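File shown: final.cif (mmCIF, C-alpha atoms).
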```
data_model
loop_
_atom_site.group_PDB
_atom_site.id
_atom_site.type_symbol
_atom_site.label_atom_id
_atom_site.label_comp_id
_atom_site.auth_asym_id
_atom_site.auth_seq_id
_atom_site.Cartn_x
_atom_site.Cartn_y
_atom_site.Cartn_z
ATOM 1 C CA MET F 1 58.209 123.196 100.063
ATOM 2 C CA LYS F 2 60.339 123.051 103.207
ATOM 3 C CA LYS F 3 59.716 119.327 103.561
ATOM 4 C CA GLU F 4 60.875 118.779 99.971
ATOM 5 C CA PHE F 5 64.006 120.855 100.614
ATOM 6 C CA TYR F 6 64.985 118.743 103.617
ATOM 7 C CA LEU F 7 64.281 115.568 101.670
ATOM 8 C CA TYR F 8 66.680 116.659 98.903
ATOM 9 C CA ILE F 9 69.351 117.598 101.466
ATOM 10 C CA ILE F 10 69.083 114.188 103.135
ATOM 11 C CA ILE F 11 69.216 112.359 99.788
ATOM 12 C CA ILE F 12 72.243 114.389 98.669
ATOM 13 C CA PHE F 13 74.021 113.730 101.968
ATOM 14 C CA LEU F 14 73.316 109.988 101.768
ATOM 15 C CA LEU F 15 74.506 109.836 98.171
ATOM 16 C CA LEU F 16 77.701 111.727 99.020
ATOM 17 C CA ILE F 17 78.509 109.358 101.873
ATOM 18 C CA SER F 18 77.647 106.198 99.949
ATOM 19 C CA SER F 19 79.526 107.302 96.830
ATOM 20 C CA SER F 20 82.670 108.020 98.828
ATOM 21 C CA LEU F 21 82.474 104.432 100.089
ATOM 22 C CA ILE F 22 81.789 103.063 96.597
ATOM 23 C CA TYR F 23 84.650 104.937 94.869
ATOM 24 C CA PRO F 24 87.310 102.199 95.376
ATOM 25 C CA TYR F 25 84.924 99.661 93.846
ATOM 26 C CA PHE F 26 84.265 102.029 90.938
ATOM 27 C CA ILE F 27 88.010 102.163 90.249
ATOM 28 C CA GLU F 28 88.334 98.400 90.661
ATOM 29 C CA ILE F 29 85.474 97.725 88.225
ATOM 30 C CA SER F 30 86.876 100.266 85.782
ATOM 31 C CA LEU F 31 90.330 98.695 85.881
ATOM 32 C CA SER F 32 88.840 95.232 85.392
ATOM 33 C CA LYS F 33 87.243 96.402 82.131
ATOM 34 C CA LEU F 34 90.554 97.701 80.782
ATOM 35 C CA SER F 35 92.961 95.474 78.876
ATOM 36 C CA LEU F 36 96.073 95.935 80.980
ATOM 37 C CA ASP F 37 98.055 92.881 79.849
ATOM 38 C CA TYR F 38 101.436 94.563 79.518
ATOM 39 C CA LEU F 39 100.583 97.708 81.440
ATOM 40 C CA GLN F 40 100.902 98.574 85.092
ATOM 41 C CA VAL F 41 98.655 101.195 86.674
ATOM 42 C CA ILE F 42 100.283 103.326 89.353
ATOM 43 C CA ILE F 43 99.295 106.261 91.538
ATOM 44 C CA THR F 44 101.992 108.920 91.724
ATOM 45 C CA ASP F 45 100.024 111.883 92.988
ATOM 46 C CA HIS F 46 97.712 111.220 95.910
ATOM 47 C CA ASP F 47 96.313 114.768 95.797
ATOM 48 C CA ASN F 48 94.865 114.130 92.353
ATOM 49 C CA GLN F 49 93.503 110.798 93.564
ATOM 50 C CA ILE F 50 91.692 112.579 96.391
ATOM 51 C CA LYS F 51 90.345 115.131 93.892
ATOM 52 C CA SER F 52 89.117 112.264 91.717
ATOM 53 C CA ALA F 53 87.334 110.668 94.676
ATOM 54 C CA ILE F 54 85.727 114.004 95.551
ATOM 55 C CA LEU F 55 84.637 114.537 91.927
ATOM 56 C CA PHE F 56 83.109 111.053 91.879
ATOM 57 C CA SER F 57 81.227 111.735 95.113
ATOM 58 C CA LEU F 58 80.035 115.120 93.883
ATOM 59 C CA SER F 59 78.886 113.691 90.565
ATOM 60 C CA ILE F 60 76.759 111.078 92.334
ATOM 61 C CA GLY F 61 75.590 113.651 94.885
ATOM 62 C CA ALA F 62 74.606 116.047 92.102
ATOM 63 C CA LEU F 63 72.004 113.658 90.703
ATOM 64 C CA PRO F 64 69.203 114.936 92.977
ATOM 65 C CA LEU F 65 70.099 118.515 92.045
ATOM 66 C CA LEU F 66 70.001 117.651 88.351
ATOM 67 C CA TYR F 67 66.638 115.965 88.875
ATOM 68 C CA LEU F 68 65.370 118.998 90.798
ATOM 69 C CA ALA F 69 66.444 121.290 87.953
ATOM 70 C CA LEU F 70 64.648 119.008 85.528
ATOM 71 C CA GLN F 71 61.546 118.938 87.708
ATOM 72 C CA LYS F 72 61.453 122.724 88.011
ATOM 73 C CA THR F 73 61.944 123.327 84.282
ATOM 74 C CA THR F 74 59.522 120.690 82.985
ATOM 75 C CA ASN F 75 57.070 120.110 85.884
ATOM 76 C CA ILE F 76 57.272 116.319 85.597
ATOM 77 C CA ASN F 77 55.619 113.975 88.054
ATOM 78 C CA PHE F 78 57.909 111.453 89.758
ATOM 79 C CA LEU F 79 55.678 108.412 89.392
ATOM 80 C CA TYR F 80 55.032 108.901 85.682
ATOM 81 C CA ASN F 81 58.140 110.441 84.171
ATOM 82 C CA GLY F 82 60.561 110.670 87.093
ATOM 83 C CA ILE F 83 61.659 107.052 86.835
ATOM 84 C CA LYS F 84 62.295 107.530 83.115
ATOM 85 C CA ALA F 85 64.301 110.686 83.821
ATOM 86 C CA ILE F 86 66.447 109.017 86.477
ATOM 87 C CA SER F 87 67.044 106.104 84.105
ATOM 88 C CA ILE F 88 68.202 108.508 81.395
ATOM 89 C CA PHE F 89 70.569 110.206 83.877
ATOM 90 C CA ILE F 90 72.105 106.891 84.898
ATOM 91 C CA LEU F 91 72.272 105.440 81.379
ATOM 92 C CA SER F 92 73.943 108.517 79.930
ATOM 93 C CA GLY F 93 76.517 108.597 82.737
ATOM 94 C CA TYR F 94 77.150 104.886 82.271
ATOM 95 C CA SER F 95 77.406 105.325 78.492
ATOM 96 C CA LEU F 96 80.010 108.075 78.687
ATOM 97 C CA TRP F 97 81.966 106.106 81.298
ATOM 98 C CA LEU F 98 81.936 103.068 78.956
ATOM 99 C CA PHE F 99 82.944 105.325 76.070
ATOM 100 C CA ARG F 100 86.014 106.336 78.077
ATOM 101 C CA ILE F 101 86.760 102.669 78.833
ATOM 102 C CA PHE F 102 86.592 101.830 75.111
ATOM 103 C CA GLN F 103 88.717 104.862 74.299
ATOM 104 C CA LEU F 104 91.379 103.797 76.795
ATOM 105 C CA ASN F 105 91.277 100.183 75.578
ATOM 106 C CA ALA F 106 91.929 101.352 72.019
ATOM 107 C CA LYS F 107 94.925 103.326 73.253
ATOM 108 C CA PHE F 108 96.179 100.458 75.429
ATOM 109 C CA GLU F 109 95.920 97.966 72.587
ATOM 110 C CA LEU F 110 98.825 99.713 70.881
ATOM 111 C CA TYR F 111 100.872 99.676 74.085
ATOM 112 C CA ASN F 112 100.101 96.005 74.639
ATOM 113 C CA THR F 113 101.133 95.105 71.097
ATOM 114 C CA LEU F 114 104.423 96.970 71.344
ATOM 115 C CA ASN F 115 105.204 95.716 74.838
ATOM 116 C CA LYS F 116 104.380 92.118 73.930
ATOM 117 C CA ILE F 117 107.138 92.141 71.342
ATOM 118 C CA ASP F 118 109.757 93.348 73.835
ATOM 119 C CA ASN F 119 108.161 91.656 76.879
ATOM 120 C CA LEU F 120 108.025 94.966 78.757
ATOM 121 C CA LYS F 121 105.499 96.583 81.070
ATOM 122 C CA THR F 122 104.585 100.229 80.672
ATOM 123 C CA THR F 123 103.449 102.143 83.734
ATOM 124 C CA ILE F 124 100.460 104.426 83.405
ATOM 125 C CA ASN F 125 99.227 106.856 86.029
ATOM 126 C CA LEU F 126 95.649 106.267 87.186
ATOM 127 C CA ASN F 127 95.009 110.017 87.315
ATOM 128 C CA VAL F 128 95.093 110.370 83.524
ATOM 129 C CA PHE F 129 92.118 108.031 83.048
ATOM 130 C CA ASN F 130 89.549 110.697 84.139
ATOM 131 C CA LEU F 131 86.810 108.084 84.499
ATOM 132 C CA GLU F 132 84.847 110.056 87.085
ATOM 133 C CA LEU F 133 84.936 113.160 84.883
ATOM 134 C CA TYR F 134 83.340 111.253 82.013
ATOM 135 C CA LEU F 135 80.718 109.903 84.424
ATOM 136 C CA PHE F 136 79.907 113.430 85.595
ATOM 137 C CA ILE F 137 79.740 114.780 82.054
ATOM 138 C CA GLY F 138 77.434 111.875 81.196
ATOM 139 C CA PHE F 139 75.078 112.858 84.007
ATOM 140 C CA ILE F 140 75.002 116.442 82.722
ATOM 141 C CA VAL F 141 74.361 115.231 79.173
ATOM 142 C CA GLY F 142 71.559 113.089 80.577
ATOM 143 C CA GLY F 143 70.078 116.181 82.202
ATOM 144 C CA ILE F 144 70.148 118.048 78.914
ATOM 145 C CA ILE F 145 68.572 115.091 77.111
ATOM 146 C CA ASN F 146 65.869 114.909 79.783
ATOM 147 C CA ILE F 147 65.061 118.599 79.540
ATOM 148 C CA VAL F 148 64.820 118.440 75.759
ATOM 149 C CA LEU F 149 62.702 115.274 75.803
ATOM 150 C CA PHE F 150 60.267 116.327 78.489
ATOM 151 C CA LYS F 151 59.884 119.902 77.221
ATOM 152 C CA ARG F 152 59.200 118.580 73.728
ATOM 153 C CA LYS F 153 56.771 115.981 75.109
ATOM 154 C CA LYS F 154 54.978 118.719 77.040
ATOM 155 C CA GLN F 155 54.734 120.889 73.900
ATOM 156 C CA ILE F 156 53.438 117.975 71.822
ATOM 157 C CA SER F 157 50.767 117.116 74.389
ATOM 158 C CA LEU F 158 49.541 120.722 74.463
#
```
Represent the structure contained in this file as structure tokens.
Amino acid sequence: MKKEFYLYIIIIFLLLISSSLIYPYFIEISLSKLSLDYLQVIITDHDNQIKSAILFSLSIGALPLLYLALQKTTNINFLYNGIKAISIFILSGYSLWLFRIFQLNAKFELYNTLNKIDNLKTTINLNVFNLELYLFIGFIVGGIINIVLFKRKKQISL
């Protein structure tokens, strides 16, 4: 029990550190997927940018805690169902992040059309994108999906 606790603490710490280093690449990849032809992304409030980076790090760091909650509620074994559960966590986070990208692209398409006519560039604040929030919500949705799936699978097998 104590060994498992220390293992989770180490994994959470490593994920927090690595995700804080990955955050600029996350933003860069996210911006590359957006159609920003006649739009300019700016950062006006650095406090909100720091909060976004912290939320991103916490959402990645929360994955072991979400897995632990899943493991305690459904008693799954890592080798058999743990890989599936982690995949569902990651895929649901990725799906909600992509949903936000598509949502923003639909909004930006109107801006691009209007700005193309007048040859203007509209500035948009990066803080209103909330990409890391959608990623975090996706991880939580993945946890709920996992709990429902593995509890139902356990009930069916009984």
**OP:** Name every residue that the PyMOL selection byres ((chain F and resi 40-42) around 12) selects in this structure, writing the answer as a PyMOL selection string with chains first and numbers rising.
**Re:** chain F and resi 27-28+30-32+34-39+43-46+49+108+111-112+115+120-129
**OP:** Let me know the residues the PyMOL selection byres ((chain F and resi 97) around 8) catches in the file above, as a PyMOL selection string.
**Re:** chain F and resi 93-96+98-101+131-132+134-135+138
Subject >> Given all atoms listed in the file as the counted atoms, nearest of F:Ile117, F:Ile11, F:Ala85, F:Leu110 to Gly142 in chain F >> reply: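 With all atoms listed in the file as the atom set, the closest residue is F:Ala85.
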Original post:
Which residues, written as a list in words, have at least one atom at most 9 Å from range 89-92 of chain F, with all atoms listed in the file counted and residues fewer than 5 positions away on the same chain left out?
Top reply: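 Answer for this query is Leu63, Leu66, Tyr67, Lys84, Trp97, Leu135, Ile137, Gly138, Phe139, Ile140, Val141, Gly142, Gly143, Ile145 and Asn146 of chain F.
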Original post:
When the PyMOL selection byres ((chain F and resi 53-60) around 9) is applied to the file above, which residues end up in the set, as a PyMOL selection string?
Top reply: chain F and resi 12+15-24+48-52+61-64+131-133+135-137+139
Generate a file of the selected residues that holds C-alpha atoms, formatted as a tab-separated table (two decimals), in the frame of the given file.
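selection_23.tsv was written with the following content:
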```
chain	number	residue	atom	x	y	z
F	12	ILE	CA	72.24	114.39	98.67
F	15	LEU	CA	74.51	109.84	98.17
F	16	LEU	CA	77.70	111.73	99.02
F	17	ILE	CA	78.51	109.36	101.87
F	18	SER	CA	77.65	106.20	99.95
F	19	SER	CA	79.53	107.30	96.83
F	20	SER	CA	82.67	108.02	98.83
F	21	LEU	CA	82.47	104.43	100.09
F	22	ILE	CA	81.79	103.06	96.60
F	23	TYR	CA	84.65	104.94	94.87
F	24	PRO	CA	87.31	102.20	95.38
F	48	ASN	CA	94.86	114.13	92.35
F	49	GLN	CA	93.50	110.80	93.56
F	50	ILE	CA	91.69	112.58	96.39
F	51	LYS	CA	90.34	115.13	93.89
F	52	SER	CA	89.12	112.26	91.72
F	61	GLY	CA	75.59	113.65	94.88
F	62	ALA	CA	74.61	116.05	92.10
F	63	LEU	CA	72.00	113.66	90.70
F	64	PRO	CA	69.20	114.94	92.98
F	131	LEU	CA	86.81	108.08	84.50
F	132	GLU	CA	84.85	110.06	87.08
F	133	LEU	CA	84.94	113.16	84.88
F	135	LEU	CA	80.72	109.90	84.42
F	136	PHE	CA	79.91	113.43	85.60
F	137	ILE	CA	79.74	114.78	82.05
F	139	PHE	CA	75.08	112.86	84.01
```
